[in-house]
Amino acid sequence: MTDHTHSFSAMPVWRPMAGRAALALAALIFATAVMATGLHLGEGGGAEPALYALAFGFFFGIPALLCAQQSVFAPGQTRACLFAGRVLGVAWLASMAWLVGLYL
């Protein structure tokens, strides 16, 4: 018999790391968008492409990253990491409701 120090599991080792990375990237986009709202950037300042990219990441990137984190990368993640993804998803939904209410 041999003494193996690694475990034989069907789950790839990179999957939990990718889930945590997706959660961290979604949180970074969310925090950057929240901080950018406080800057009150006007038109013509040259920041429009960056703001458009940030808006695209906020509206489409966060849901895609959280969807992947909660489904594809979910096996092997801790319950705290999955719960943090759900909390960030609820915060994203609340901010979307706030934006809709702001512009109606």
# chains A, B, ... in the order shown; residues from 1 in each chain; ligands from 1
$ residues_around --residues "region 76-84 of chain A" --least-positions-apart "6" --cutoff "8 Å" --atoms "only C-alpha atoms" --output "short mmCIF file (atom, residue, chain, number, x, y, z; two decimals) with N, CA and C atoms, in the first residue's frame"
data_model
loop_
_atom_site.label_atom_id
_atom_site.label_comp_id
_atom_site.auth_asym_id
_atom_site.auth_seq_id
_atom_site.Cartn_x
_atom_site.Cartn_y
_atom_site.Cartn_z
N MET A 11 -14.28 16.45 -8.01
CA MET A 11 -14.35 17.89 -8.23
C MET A 11 -12.96 18.45 -8.51
N ARG A 15 -12.13 24.74 -9.12
CA ARG A 15 -13.52 25.19 -9.11
C ARG A 15 -13.85 26.09 -7.92
N PRO A 16 -13.50 25.75 -6.67
CA PRO A 16 -13.79 26.67 -5.57
C PRO A 16 -13.01 27.98 -5.69
N GLY A 19 -14.82 30.16 -8.13
CA GLY A 19 -16.03 30.71 -7.52
C GLY A 19 -15.73 31.90 -6.63
N ARG A 20 -14.67 31.79 -5.83
CA ARG A 20 -14.28 32.92 -4.97
C ARG A 20 -13.79 34.09 -5.80
N GLN A 69 -21.00 31.82 -10.06
CA GLN A 69 -20.51 31.50 -8.71
C GLN A 69 -21.51 30.63 -7.96
N GLN A 70 -22.81 30.87 -8.15
CA GLN A 70 -23.83 30.13 -7.42
C GLN A 70 -24.18 28.79 -8.05
#
$ select_by_dssp --residues "region 29-64 of chain A" --states "alpha helix (DSSP H)" --output "PyMOL selection string"
chain A and resi 29-37+48-56+62-64
$ residues_around --residues "region 95-104 of chain A" --least-positions-apart "4" --cutoff "10 Å" --atoms "only C-alpha atoms" --output "ChimeraX atom specification"
/A:30,34,58-59,89-91
$ closest_residue --among "A:Ala68, A:Ala94, A:Leu51, A:Ala22" --to "Leu39 (chain A)" --atoms "only C-alpha atoms"
A:Leu51
$ residues_around --residues "Ala36 (chain A)" --least-positions-apart "3" --cutoff "12 Å" --atoms "only C-alpha atoms" --output "VMD selection string"
chain A and resid 29 to 33 39 to 42 47 to 48 50 to 52 54 to 55 58
$ write_last_selection --atoms "N, CA, C and O atoms" --output "short mmCIF file (atom, residue, chain, number, x, y, z; two decimals), in the first residue's frame"
data_model
loop_
_atom_site.label_atom_id
_atom_site.label_comp_id
_atom_site.auth_asym_id
_atom_site.auth_seq_id
_atom_site.Cartn_x
_atom_site.Cartn_y
_atom_site.Cartn_z
N ILE A 29 -16.65 45.20 -8.83
CA ILE A 29 -17.46 45.99 -9.78
C ILE A 29 -18.53 46.76 -9.02
O ILE A 29 -18.77 47.94 -9.27
N PHE A 30 -19.19 46.09 -8.07
CA PHE A 30 -20.25 46.74 -7.30
C PHE A 30 -19.69 47.90 -6.49
O PHE A 30 -20.26 49.00 -6.49
N ALA A 31 -18.59 47.68 -5.81
CA ALA A 31 -18.00 48.74 -4.99
C ALA A 31 -17.51 49.91 -5.85
O ALA A 31 -17.68 51.08 -5.48
N THR A 32 -16.94 49.62 -7.00
CA THR A 32 -16.48 50.68 -7.90
C THR A 32 -17.66 51.50 -8.41
O THR A 32 -17.57 52.72 -8.50
N ALA A 33 -18.75 50.83 -8.74
CA ALA A 33 -19.93 51.55 -9.22
C ALA A 33 -20.52 52.43 -8.13
O ALA A 33 -20.92 53.57 -8.39
N LEU A 39 -18.85 60.63 -7.30
CA LEU A 39 -17.92 61.55 -7.94
C LEU A 39 -18.64 62.66 -8.70
O LEU A 39 -18.05 63.71 -8.94
N HIS A 40 -19.88 62.46 -9.09
CA HIS A 40 -20.67 63.45 -9.84
C HIS A 40 -19.91 63.92 -11.07
O HIS A 40 -19.68 65.11 -11.26
N LEU A 41 -19.48 62.97 -11.89
CA LEU A 41 -18.72 63.31 -13.09
C LEU A 41 -19.66 63.88 -14.15
O LEU A 41 -20.72 63.34 -14.43
N GLY A 42 -19.28 65.00 -14.72
CA GLY A 42 -20.09 65.63 -15.76
C GLY A 42 -19.67 65.17 -17.14
O GLY A 42 -18.66 64.49 -17.33
N ALA A 47 -14.33 60.99 -19.11
CA ALA A 47 -14.53 59.77 -18.33
C ALA A 47 -15.68 58.92 -18.85
O ALA A 47 -15.99 57.89 -18.26
N GLU A 48 -16.31 59.35 -19.94
CA GLU A 48 -17.48 58.62 -20.43
C GLU A 48 -17.19 57.16 -20.80
O GLU A 48 -17.97 56.28 -20.44
N ALA A 50 -15.01 55.12 -19.60
CA ALA A 50 -14.83 54.34 -18.36
C ALA A 50 -16.16 54.16 -17.64
O ALA A 50 -16.45 53.08 -17.11
N LEU A 51 -16.99 55.18 -17.65
CA LEU A 51 -18.30 55.06 -17.00
C LEU A 51 -19.21 54.11 -17.75
O LEU A 51 -19.97 53.36 -17.13
N TYR A 52 -19.14 54.12 -19.09
CA TYR A 52 -19.94 53.18 -19.87
C TYR A 52 -19.49 51.74 -19.62
O TYR A 52 -20.31 50.83 -19.51
N LEU A 54 -18.07 50.68 -16.90
CA LEU A 54 -18.49 50.36 -15.54
C LEU A 54 -19.98 50.04 -15.49
O LEU A 54 -20.41 49.11 -14.82
N ALA A 55 -20.79 50.81 -16.22
CA ALA A 55 -22.23 50.55 -16.27
C ALA A 55 -22.51 49.19 -16.91
O ALA A 55 -23.37 48.44 -16.44
N PHE A 58 -21.69 46.62 -14.44
CA PHE A 58 -22.66 46.61 -13.34
C PHE A 58 -23.95 45.93 -13.76
O PHE A 58 -24.47 45.10 -13.02
#
$ residues_around --residues "Leu66 (chain A)" --least-positions-apart "6" --cutoff "10 Å" --atoms "only C-alpha atoms" --output "list in words"
Gly19, Ala22, Leu23, Ala24, Leu25, Ala26, Ala27, Val72, Phe73, Leu82, Gly85, Arg86, Leu88 and Gly89 of chain A
$ atom_distance --atom1 "CA of Ala53 (chain A)" --atom2 "CA of Leu28 (chain A)"
13.7 Å
$ atom_distance --atom1 "CA of Ala18 (chain A)" --atom2 "CA of Pro75 (chain A)"
10.9 Å
